[in-house]
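J.: Dropping in target.tsv, with TSV, C-alpha atoms and all ligand atoms.
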```
chain	number	residue	atom	x	y	z
V	1	MET	CA	63.25	38.03	20.16
V	2	THR	CA	63.03	35.79	23.19
V	3	THR	CA	59.76	34.75	24.70
V	4	ALA	CA	60.61	35.95	28.18
V	5	THR	CA	60.95	39.58	27.13
V	6	THR	CA	58.04	39.74	24.72
V	7	THR	CA	55.64	42.57	25.51
V	8	ILE	CA	52.08	43.41	24.51
V	9	ALA	CA	53.55	45.99	22.12
V	10	ASP	CA	55.48	43.23	20.37
V	11	ILE	CA	52.28	41.28	19.87
V	12	TYR	CA	50.66	44.34	18.31
V	13	THR	CA	53.67	44.75	16.03
V	14	ALA	CA	53.28	41.12	14.96
V	15	LEU	CA	49.56	41.68	14.28
V	16	GLU	CA	50.46	44.41	11.79
V	17	GLN	CA	51.72	41.58	9.57
V	18	VAL	CA	48.35	39.78	9.45
V	19	MET	CA	46.62	40.99	6.30
V	20	ASP	CA	42.98	40.66	5.27
V	21	PRO	CA	42.74	38.00	2.54
V	22	GLU	CA	40.11	40.00	0.64
V	23	ILE	CA	41.84	43.39	0.85
V	24	PRO	CA	45.52	42.47	1.13
V	25	VAL	CA	46.66	46.06	1.78
V	26	LEU	CA	44.89	46.17	5.16
V	27	ASN	CA	45.97	44.41	8.32
V	28	VAL	CA	43.63	43.19	11.05
V	29	LEU	CA	44.45	46.16	13.32
V	30	GLU	CA	43.62	48.72	10.64
V	31	LEU	CA	40.35	46.90	9.99
V	32	GLY	CA	39.45	47.20	13.67
V	33	MET	CA	39.11	43.43	14.05
V	34	ILE	CA	41.24	43.13	17.19
V	35	THR	CA	39.43	43.94	20.45
V	36	GLY	CA	41.95	42.85	23.05
V	37	VAL	CA	45.47	41.52	23.57
V	38	THR	CA	46.72	40.10	26.85
V	39	LEU	CA	49.74	38.11	27.96
V	40	TYR	CA	48.96	35.48	30.55
V	41	GLU	CA	51.26	32.74	31.79
V	42	GLY	CA	53.42	32.94	28.69
V	43	THR	CA	50.55	32.73	26.21
V	44	ALA	CA	49.33	35.55	23.96
V	45	HIS	CA	45.55	35.83	24.18
V	46	ILE	CA	44.04	37.69	21.27
V	47	LYS	CA	40.39	38.62	20.97
V	48	MET	CA	39.00	39.35	17.52
V	49	ILE	CA	35.70	40.06	15.81
V	50	PRO	CA	34.64	39.17	12.27
V	51	THR	CA	33.54	41.99	9.97
V	52	PHE	CA	30.43	40.14	8.75
V	53	ALA	CA	28.56	37.28	10.45
V	54	ALA	CA	28.93	35.18	7.33
V	55	CYS	CA	32.48	36.24	6.53
V	56	PRO	CA	33.98	33.11	4.93
V	57	ALA	CA	37.51	34.21	5.84
V	58	VAL	CA	37.13	34.24	9.64
V	59	SER	CA	38.76	30.91	10.43
V	60	TYR	CA	41.45	31.60	7.83
V	61	ILE	CA	42.23	34.95	9.52
V	62	GLN	CA	42.28	33.31	12.95
V	63	GLN	CA	44.77	30.75	11.70
V	64	ASN	CA	46.85	33.54	10.21
V	65	ILE	CA	46.88	35.43	13.50
V	66	ARG	CA	48.00	32.31	15.37
V	67	ALA	CA	50.71	31.42	12.90
V	68	THR	CA	52.08	34.94	12.40
V	69	VAL	CA	52.14	36.00	16.06
V	70	ASN	CA	53.65	32.69	17.04
V	71	LYS	CA	56.33	32.98	14.38
V	72	LEU	CA	57.27	36.56	15.28
V	73	THR	CA	57.12	36.31	19.08
V	74	GLY	CA	57.73	32.64	19.74
V	75	LEU	CA	54.74	32.61	22.08
V	76	PRO	CA	51.89	30.13	22.05
V	77	VAL	CA	48.83	32.01	20.80
V	78	GLN	CA	45.17	31.67	21.62
V	79	VAL	CA	42.62	33.44	19.42
V	80	THR	CA	39.01	33.79	20.49
V	81	VAL	CA	36.00	35.54	18.97
V	82	ASP	CA	34.87	38.42	21.18
V	83	LYS	CA	31.09	38.22	21.40
V	84	GLU	CA	30.68	41.37	23.43
V	85	VAL	CA	31.83	43.72	20.72
V	86	HIS	CA	30.38	43.80	17.24
V	87	TRP	CA	32.26	45.11	14.27
V	88	GLN	CA	31.15	48.26	12.53
V	89	SER	CA	32.77	50.17	9.71
V	90	ASN	CA	33.55	53.13	12.02
V	91	ARG	CA	36.24	50.87	13.50
V	92	LEU	CA	38.37	51.28	10.36
V	93	THR	CA	41.37	53.47	11.13
V	94	ASP	CA	42.23	56.58	9.12
V	95	THR	CA	45.27	54.80	7.71
V	96	ALA	CA	42.99	51.99	6.55
V	97	LYS	CA	40.73	54.44	4.74
V	98	GLU	CA	43.66	56.06	3.01
V	99	LYS	CA	45.06	52.70	1.92
V	100	LEU	CA	41.64	51.67	0.59
V	101	GLN	CA	41.47	54.79	-1.60
V	102	HIS	CA	44.91	54.02	-3.03
V	103	PHE	CA	43.76	50.46	-3.65
V	104	GLY	CA	40.89	51.90	-5.74
V	105	ILE	CA	38.14	51.15	-3.22
V	106	ALA	CA	36.12	54.02	-1.74
V	107	ALA	CA	36.19	54.19	2.06
V	108	PRO	CA	33.01	53.85	4.14
V	109	GLN	CA	31.39	57.08	5.28
V	110	VAL	CA	31.49	57.63	9.04
V	111	HIS	CA	28.02	57.12	10.49
V	112	GLU	CA	26.51	58.04	13.83
V	113	GLY	CA	25.18	54.73	15.08
V	114	GLU	CA	22.13	54.43	12.87
V	115	LEU	CA	22.80	53.95	9.18
V	116	ARG	CA	20.54	55.69	6.66
V	117	ALA	CA	20.31	54.74	3.01
V	118	GLU	CA	21.10	58.32	1.96
V	119	ILE	CA	24.60	57.93	3.32
V	120	MET	CA	25.49	55.80	0.29
V	121	LEU	CA	24.57	58.51	-2.20
V	122	ASN	CA	27.30	60.60	-3.85
V	123	THR	CA	30.13	58.46	-2.53
V	124	PRO	CA	33.36	60.16	-3.72
V	125	CYS	CA	34.99	58.34	-6.64
V	126	PRO	CA	38.38	56.91	-5.61
V	127	HIS	CA	39.74	57.60	-9.10
V	128	CYS	CA	38.78	61.24	-9.82
V	129	HIS	CA	37.29	62.28	-6.42
V	130	SER	CA	34.07	63.44	-8.03
V	131	GLU	CA	30.89	63.14	-5.96
V	132	ASN	CA	28.77	62.97	-9.09
V	133	THR	CA	28.23	59.24	-8.51
V	134	TYR	CA	25.36	56.85	-7.86
V	135	LEU	CA	24.91	53.55	-6.02
V	136	ARG	CA	24.59	50.74	-8.53
V	137	SER	CA	24.19	47.91	-6.07
V	138	PRO	CA	24.60	47.57	-2.30
V	139	PHE	CA	26.27	44.20	-2.97
V	140	GLY	CA	29.69	43.79	-4.55
V	141	SER	CA	32.28	41.10	-5.12
V	142	THR	CA	32.54	40.38	-1.38
V	143	LEU	CA	30.06	40.90	1.48
V	144	CYS	CA	31.79	44.09	2.61
V	145	ARG	CA	31.63	45.89	-0.73
V	146	ALA	CA	29.07	47.94	-2.66
V	147	ILE	CA	29.21	48.98	-6.33
V	148	HIS	CA	29.00	52.61	-7.49
V	149	TYR	CA	29.26	54.38	-10.82
V	150	CYS	CA	31.08	57.67	-11.39
V	151	LYS	CA	29.28	59.89	-13.90
V	152	ASP	CA	32.33	62.08	-14.37
V	153	CYS	CA	35.08	59.61	-15.21
V	154	GLY	CA	32.75	56.81	-16.28
V	155	MET	CA	34.32	54.24	-13.95
V	156	VAL	CA	32.50	51.59	-11.99
V	157	PHE	CA	34.07	51.44	-8.53
V	158	GLU	CA	33.70	49.45	-5.36
V	159	GLN	CA	33.24	50.81	-1.86
V	160	PHE	CA	33.96	49.24	1.52
V	161	LYS	CA	30.45	49.81	2.71
V	162	PRO	CA	29.40	51.54	5.91
V	163	VAL	CA	27.95	49.07	8.44
V	164	GLU	CA	26.39	50.01	11.75
U	1	MET	CA	16.20	29.93	33.37
U	2	ASN	CA	13.31	27.50	33.81
U	3	ALA	CA	12.66	24.64	31.42
U	4	ALA	CA	9.49	26.14	29.91
U	5	LEU	CA	11.23	29.38	29.01
U	6	GLN	CA	14.24	27.53	27.67
U	7	LYS	CA	11.98	25.52	25.40
U	8	ALA	CA	10.14	28.64	24.25
U	9	ILE	CA	13.39	30.42	23.35
U	10	THR	CA	14.59	27.32	21.51
U	11	THR	CA	11.36	27.27	19.49
U	12	LEU	CA	11.71	30.94	18.60
U	13	ILE	CA	15.36	30.70	17.57
U	14	THR	CA	14.78	27.52	15.57
U	15	SER	CA	12.05	29.20	13.51
U	16	MET	CA	14.21	32.25	12.87
U	17	ALA	CA	17.18	30.11	11.87
U	18	ASP	CA	15.11	27.80	9.66
U	19	ASP	CA	13.61	30.80	7.84
U	20	ALA	CA	17.09	32.20	7.21
U	21	LEU	CA	18.56	28.86	6.14
U	22	ILE	CA	15.76	27.96	3.76
U	23	LEU	CA	15.36	31.39	2.19
U	24	GLY	CA	19.14	31.64	2.01
U	25	HIS	CA	19.20	28.48	-0.06
U	26	ARG	CA	16.37	29.72	-2.26
U	27	ASN	CA	18.21	33.02	-2.84
U	28	SER	CA	21.34	31.12	-3.80
U	29	GLU	CA	19.39	29.48	-6.64
U	30	TRP	CA	19.55	32.86	-8.40
U	31	THR	CA	23.32	32.51	-8.74
U	32	GLY	CA	23.97	32.49	-12.47
U	33	LEU	CA	20.33	33.24	-13.32
U	34	GLY	CA	19.88	36.86	-12.20
U	35	PRO	CA	18.28	39.18	-14.76
U	36	ILE	CA	21.40	41.39	-14.66
U	37	MET	CA	24.83	40.73	-13.21
U	38	GLU	CA	24.37	43.03	-10.20
U	39	GLU	CA	21.22	41.12	-9.22
U	40	ASP	CA	23.01	37.84	-9.57
U	41	ILE	CA	25.64	39.12	-7.14
U	42	ALA	CA	23.05	40.69	-4.81
U	43	PHE	CA	21.00	37.51	-4.40
U	44	SER	CA	24.15	35.45	-3.93
U	45	SER	CA	25.45	37.88	-1.28
U	46	MET	CA	22.15	37.92	0.56
U	47	ALA	CA	22.09	34.13	0.45
U	48	GLN	CA	25.52	34.06	2.04
U	49	ASP	CA	24.41	36.51	4.75
U	50	LYS	CA	21.26	34.54	5.51
U	51	ILE	CA	23.02	31.21	5.77
U	52	GLY	CA	25.54	32.93	8.06
U	53	HIS	CA	22.71	34.23	10.25
U	54	ALA	CA	21.13	30.77	10.40
U	55	TRP	CA	24.43	29.24	11.39
U	56	ALA	CA	24.98	31.83	14.16
U	57	LEU	CA	21.49	31.11	15.52
U	58	TYR	CA	22.02	27.33	15.45
U	59	ARG	CA	25.28	27.97	17.31
U	60	ILE	CA	23.39	29.78	20.07
U	61	LEU	CA	21.11	26.76	20.38
U	62	GLN	CA	24.13	24.51	20.66
U	63	GLU	CA	26.17	26.66	23.06
U	64	HIS	CA	23.46	27.93	25.37
U	65	LEU	CA	20.37	25.75	25.03
U	66	GLY	CA	21.68	22.21	24.75
U	67	GLY	CA	21.13	21.98	20.99
U	68	GLU	CA	22.84	19.75	18.48
U	69	ASP	CA	25.79	20.40	16.21
U	70	PRO	CA	24.63	23.09	13.71
U	71	ASP	CA	25.51	21.06	10.60
U	72	GLN	CA	23.70	17.98	11.85
U	73	PHE	CA	20.73	20.09	12.88
U	74	ALA	CA	20.58	21.90	9.55
U	75	PHE	CA	21.01	18.92	7.26
U	76	ILE	CA	19.70	15.80	8.97
U	77	ARG	CA	16.29	16.86	10.26
U	78	ALA	CA	13.09	15.71	8.56
U	79	ALA	CA	10.85	18.30	6.89
U	80	LYS	CA	8.26	18.05	9.67
U	81	ASP	CA	10.90	19.09	12.19
U	82	PHE	CA	11.61	22.33	10.33
U	83	THR	CA	9.60	25.34	11.43
U	84	CYS	CA	10.24	27.77	8.58
U	85	CYS	CA	7.29	29.69	7.15
U	86	HIS	CA	5.82	28.75	3.76
U	87	LEU	CA	7.03	32.00	2.22
U	88	ALA	CA	10.66	30.93	2.66
U	89	GLU	CA	10.29	27.45	1.21
U	90	LEU	CA	8.58	28.17	-2.13
U	91	PRO	CA	10.68	27.86	-5.31
U	92	ILE	CA	12.21	31.03	-6.72
U	93	SER	CA	9.62	31.21	-9.50
U	94	SER	CA	10.02	34.42	-11.53
U	95	TYR	CA	12.12	37.43	-10.55
U	96	ASP	CA	9.09	39.52	-9.54
U	97	PHE	CA	8.02	36.85	-7.05
U	98	SER	CA	11.52	36.45	-5.60
U	99	LEU	CA	11.97	40.20	-5.31
U	100	MET	CA	8.63	40.74	-3.57
U	101	ARG	CA	9.32	37.84	-1.22
U	102	HIS	CA	12.69	39.35	-0.42
U	103	PHE	CA	11.10	42.78	0.23
U	104	LEU	CA	8.39	41.44	2.56
U	105	PHE	CA	10.64	38.97	4.33
U	106	ASP	CA	13.57	41.30	4.96
U	107	HIS	CA	11.37	44.04	6.36
U	108	ALA	CA	9.91	41.42	8.69
U	109	GLU	CA	13.45	40.43	9.68
U	110	ALA	CA	14.43	44.05	10.25
U	111	VAL	CA	11.44	44.57	12.56
U	112	ARG	CA	12.20	41.33	14.42
U	113	TYR	CA	15.89	42.06	14.96
U	114	GLU	CA	15.11	45.64	15.95
U	115	SER	CA	12.86	44.28	18.71
U	116	LEU	CA	15.63	41.90	19.80
U	117	GLN	CA	17.95	44.83	20.58
U	118	GLN	CA	16.29	44.77	24.01
U	119	CYS	CA	16.17	40.97	24.34
U	120	SER	CA	16.80	39.72	27.89
U	121	PHE	CA	18.53	36.58	26.56
U	122	GLU	CA	22.02	37.95	26.08
U	123	PRO	CA	23.41	35.73	23.29
U	124	LEU	CA	20.43	36.61	21.08
U	125	GLN	CA	20.63	40.29	21.99
U	126	GLN	CA	24.32	40.41	21.04
U	127	LEU	CA	23.82	38.63	17.73
U	128	SER	CA	20.86	40.84	16.86
U	129	LYS	CA	23.03	43.97	16.79
U	130	LYS	CA	25.19	42.48	14.08
U	131	VAL	CA	22.36	41.02	12.04
U	132	LYS	CA	20.37	44.25	12.21
U	133	GLY	CA	23.25	46.20	10.66
U	134	GLU	CA	23.66	43.70	7.83
U	135	LEU	CA	19.93	43.59	7.12
U	136	LYS	CA	20.00	47.31	6.33
U	137	TYR	CA	21.53	46.38	2.99
U	138	HIS	CA	18.90	43.75	2.30
U	139	THR	CA	16.03	46.19	2.82
U	140	LEU	CA	17.90	48.93	0.98
U	141	HIS	CA	18.28	46.61	-1.99
U	142	ALA	CA	14.66	45.46	-1.89
U	143	ASP	CA	13.25	48.99	-1.56
U	144	ALA	CA	15.30	50.30	-4.46
U	145	TRP	CA	14.24	47.54	-6.85
U	146	VAL	CA	10.59	47.43	-5.87
U	147	LEU	CA	10.38	51.17	-6.49
U	148	GLN	CA	12.34	50.98	-9.71
U	149	LEU	CA	10.21	48.18	-11.17
U	150	CYS	CA	6.94	49.78	-10.07
U	151	ARG	CA	7.95	52.89	-12.00
U	152	GLY	CA	9.15	50.89	-14.99
U	153	GLY	CA	5.95	51.04	-17.03
U	154	GLU	CA	2.50	49.52	-16.88
U	155	GLU	CA	3.35	45.86	-17.35
U	156	SER	CA	6.14	46.03	-14.83
U	157	GLN	CA	3.89	47.71	-12.28
U	158	GLN	CA	1.12	45.14	-12.83
U	159	ARG	CA	3.54	42.28	-12.34
U	160	MET	CA	4.75	43.75	-9.07
U	161	GLN	CA	1.17	44.17	-7.88
U	162	ALA	CA	0.41	40.55	-8.80
U	163	ALA	CA	3.54	39.44	-6.94
U	164	LEU	CA	2.44	41.42	-3.89
U	165	ASP	CA	-1.06	39.90	-3.99
U	166	ARG	CA	0.46	36.43	-4.15
U	167	CYS	CA	3.12	36.99	-1.49
U	168	PHE	CA	1.09	38.92	1.04
U	169	PRO	CA	-0.78	36.03	2.74
U	170	LEU	CA	2.43	34.02	2.69
U	171	ALA	CA	4.35	36.86	4.31
U	172	ALA	CA	1.67	37.31	6.96
U	173	GLY	CA	2.41	33.65	7.77
U	174	ILE	CA	5.85	34.71	9.02
U	175	PHE	CA	4.02	36.01	12.09
U	176	GLU	CA	2.17	32.81	12.94
U	177	PRO	CA	1.51	33.11	16.67
U	178	GLY	CA	2.75	30.33	18.91
U	179	PRO	CA	1.65	29.15	22.35
U	180	GLN	CA	4.91	30.45	23.79
U	181	ASP	CA	4.44	34.10	22.70
U	182	ALA	CA	3.05	35.36	26.03
U	183	LEU	CA	5.74	33.59	28.03
U	184	LEU	CA	8.47	35.09	25.83
U	185	ALA	CA	6.96	38.57	26.07
U	186	ASP	CA	6.69	38.35	29.87
U	187	ALA	CA	10.33	37.25	30.09
U	188	GLY	CA	11.45	40.22	27.98
U	189	ILE	CA	12.69	38.06	25.12
U	190	TYR	CA	10.66	39.77	22.40
U	191	PRO	CA	7.24	41.40	22.12
U	192	GLY	CA	5.48	38.48	20.36
U	193	GLU	CA	4.31	37.87	16.80
U	194	GLN	CA	1.20	40.07	16.84
U	195	THR	CA	3.23	43.14	17.83
U	196	LEU	CA	5.87	42.44	15.19
U	197	TYR	CA	3.16	41.94	12.57
U	198	ASP	CA	1.64	45.35	13.35
U	199	LYS	CA	5.03	47.04	13.21
U	200	TRP	CA	5.82	45.31	9.95
U	201	LEU	CA	2.57	46.55	8.36
U	202	ASN	CA	3.42	50.07	9.50
U	203	THR	CA	6.86	49.79	7.91
U	204	ILE	CA	5.86	48.39	4.53
U	205	TYR	CA	2.67	50.42	4.04
U	206	PRO	CA	4.31	53.80	3.21
U	207	LEU	CA	6.90	52.07	1.00
U	208	LEU	CA	4.17	50.32	-0.98
U	209	VAL	CA	2.18	53.54	-1.32
U	210	ASN	CA	5.29	55.28	-2.60
U	211	ALA	CA	5.62	52.54	-5.24
U	212	SER	CA	1.90	52.89	-6.15
U	213	LEU	CA	1.15	49.38	-4.95
U	214	ASN	CA	-2.08	48.48	-3.18
U	215	LEU	CA	-1.66	46.60	0.05
U	216	PRO	CA	-4.22	43.77	0.08
U	217	ASP	CA	-6.71	44.19	2.94
U	218	PRO	CA	-5.04	42.33	5.81
U	219	ALA	CA	-8.40	41.71	7.50
U	220	ALA	CA	-9.87	40.03	4.39
U	221	ILE	CA	-7.01	37.64	3.60
U	222	PRO	CA	-6.22	34.73	5.87
U	223	PRO	CA	-2.47	34.37	6.48
U	224	GLN	CA	-0.89	31.16	5.26
U	225	TYR	CA	-0.01	29.49	8.54
U	226	GLY	CA	1.34	26.02	9.31
U	227	GLY	CA	5.09	26.26	8.94
U	228	ARG	CA	5.78	27.03	12.60
U	229	TYR	CA	4.05	23.74	13.51
U	230	GLY	CA	5.93	21.65	10.98
U	231	ASN	CA	3.20	21.59	8.33
U	232	HIS	CA	4.84	22.46	5.04
U	233	THR	CA	4.29	22.68	1.31
U	234	PRO	CA	5.79	19.77	-0.70
U	235	HIS	CA	8.53	22.15	-1.88
U	236	LEU	CA	10.38	21.98	1.42
U	237	GLN	CA	10.98	18.24	1.21
U	238	ALA	CA	12.44	18.62	-2.28
U	239	LEU	CA	14.72	21.45	-1.18
U	240	LEU	CA	15.97	19.57	1.89
U	241	GLN	CA	16.70	16.56	-0.26
U	242	GLU	CA	18.92	18.66	-2.50
U	243	MET	CA	20.49	20.67	0.33
U	244	GLY	CA	21.50	17.65	2.36
U	245	GLU	CA	22.67	15.46	-0.49
U	246	VAL	CA	26.37	16.18	-0.14
U	247	PHE	CA	26.27	16.22	3.65
U	248	ARG	CA	24.55	12.85	3.87
U	249	LEU	CA	27.23	11.17	1.77
U	250	ASP	CA	29.42	11.35	4.86
U	251	PRO	CA	27.90	13.15	7.88
U	252	THR	CA	31.16	12.87	9.80
U	253	ALA	CA	33.36	14.50	7.13
U	254	GLY	CA	35.25	17.63	8.18
U	255	TRP	CA	34.78	20.76	6.04
O	301	ZN	ZN	35.45	59.26	-11.09
```
Mind turning this structure into structure tokens?
Ligand SMILES: [Zn+2]

T.:
Amino acid sequence: MTTATTTIADIYTALEQVMDPEIPVLNVLELGMITGVTLYEGTAHIKMIPTFAACPAVSYIQQNIRATVNKLTGLPVQVTVDKEVHWQSNRLTDTAKEKLQHFGIAAPQVHEGELRAEIMLNTPCPHCHSENTYLRSPFGSTLCRAIHYCKDCGMVFEQFKPVE
Amino acid sequence: MNAALQKAITTLITSMADDALILGHRNSEWTGLGPIMEEDIAFSSMAQDKIGHAWALYRILQEHLGGEDPDQFAFIRAAKDFTCCHLAELPISSYDFSLMRHFLFDHAEAVRYESLQQCSFEPLQQLSKKVKGELKYHTLHADAWVLQLCRGGEESQQRMQAALDRCFPLAAGIFEPGPQDALLADAGIYPGEQTLYDKWLNTIYPLLVNASLNLPDPAAIPPQYGGRYGNHTPHLQALLQEMGEVFRLDPTAGW
């Protein structure tokens, strides 16, 4: 691919290769972390948002975006944090939710703006699909995960938690 | 923005950030010591969130209000220049104390960040949306455990009541009024400490009743003030010493 003919679509295709370090089956587009892509004077400008304010992987992901897009398009890349948009779990795409389930992590429930505690009850088990489950802790192995227990298959499972 | 308002906003944000930084560090002291593994993880996660919130607030000071580099500001200041409340700086003590502190503090945070959704200072308003969403999990966690332990038998309930009695005046100290409150309210930054305090009481009261805990009479107990003016318990100095130890070895090192 030559730089002169690179399009916005090519940049998006390149972004599909940038995976989340904590959930390696999801790319940054599926996670809803990309808020804008523009091409200006031969440079790819990419705007992104972190999932959590304290997400330790943010600068690592930014570096990954720069390196991957540059490698696949040949363009210089500028990555900035978009402060006008804040990430919420509703930004996850349907594909992302499906991949999460296959990865053994329950997907976040869709919420309508305001998150209520009840939403976390009876989260479907990613292993046996039972809803006979309870929330064991709203905090899991990373900031974006919660821990549940399935009373039917006896498995402890993690969930990518809903965030407003 | 005029200089007086700029200074008032700086004061407000510094207190919020210092609270989050100091309590974040206290929470992190539970890593490896939690009564069960899930609690170990929960306190560590909340610590990470809080330190992240502090950092984002220090960044606003730096980017919009002429503040210093966040790392320098967090690690090099003297105790008297910190404006965290006493509640945040006390040692973790026993689990009942830490849990009750977490319950009272995070509901105060939730009320504060809710009020900032309408803040006229845009950087703070934008950050508050994110922080508010994350705090949901902190209050959810606190509510669940307070309720669970209050229903866990007589001794457990008594210990939670004792923790509440001890923490309440400290928590009321979160809302220490400052001379800048009226100016900030007039400028649409936030409604001021007294308003937040009243909202906070209205939030925690039904939760405490549900857990069969008696709220100490707010009118009869003087809040533990001082932190917002740089007057601290000796515990802060000790914590800062420990927190800044690595950083002071080489303040110019890149991380
Ligand atoms: Zn199951």

J.: Mind listing as an MDAnalysis selection string which residues of chain U are within 6 Å of chain V, counting all atoms listed in the file?

T.: chainID U and resid 42 49 52 133

J.: Applying 6 Å and all atoms listed in the file, which residues near segment 120-133 of chain V remain after dropping the ones on its own chain fewer than 4 positions away? List them as a list in words.

T.: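 Close residues of segment 120-133 of chain V: Gln101, Gly104, Ala106, Tyr149, Cys150 and Lys151 of chain V.
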
J.: Restricting the calculation to all atoms listed in the file, which member of U:Ala78, U:Leu239, U:Cys167, U:Ile189 is positioned closest to Pro223 of chain U?

T.: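 For Pro223 of chain U, the nearest of the candidates is U:Cys167.
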
J.: Using only C-alpha atoms, which protein or nucleic acid residues come within 6 Å of segment 90-95 of chain V? Drop anything in the same chain fewer than 6 positions from it, and give the result as a PyMOL selection string.

T.: chain V and resi 30-32+110

J.: Taking all atoms listed in the file into account, which of V:Glu112, V:Glu158, V:Asp20, V:Glu41 comes nearest ligand ZN 301 (chain O)?

T.: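 Result for the nearest residue to ligand ZN 301 (chain O): V:Glu158.
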
J.: Can you work out the spacing between atom CA of Arg66 of chain V and atom CA of Pro123 of chain U in Å, to one decimal?

T.: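 Distance reported for this atom pair: 26.1 Å.
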
J.: Taking 6 positions as the minimum chain separation for residues in the same chain, which residues sit within 9 Å of Phe105 of chain U when counting only C-alpha atoms? Answer as a PyMOL selection string.

T.: chain U and resi 87-88+171+174

J.: Set the distance at 10 Å and use all atoms listed in the file: which residues neighbour Val79 of chain V once local chain neighbours fewer than 5 positions away are removed? I'd like the list as a list in words.

T.: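 Final neighbour list, sorted by chain and number: Val37, Ala44, His45, Ile46, Lys47, Met48, Gln62, Gln63, Ile65 and Arg66 of chain V.
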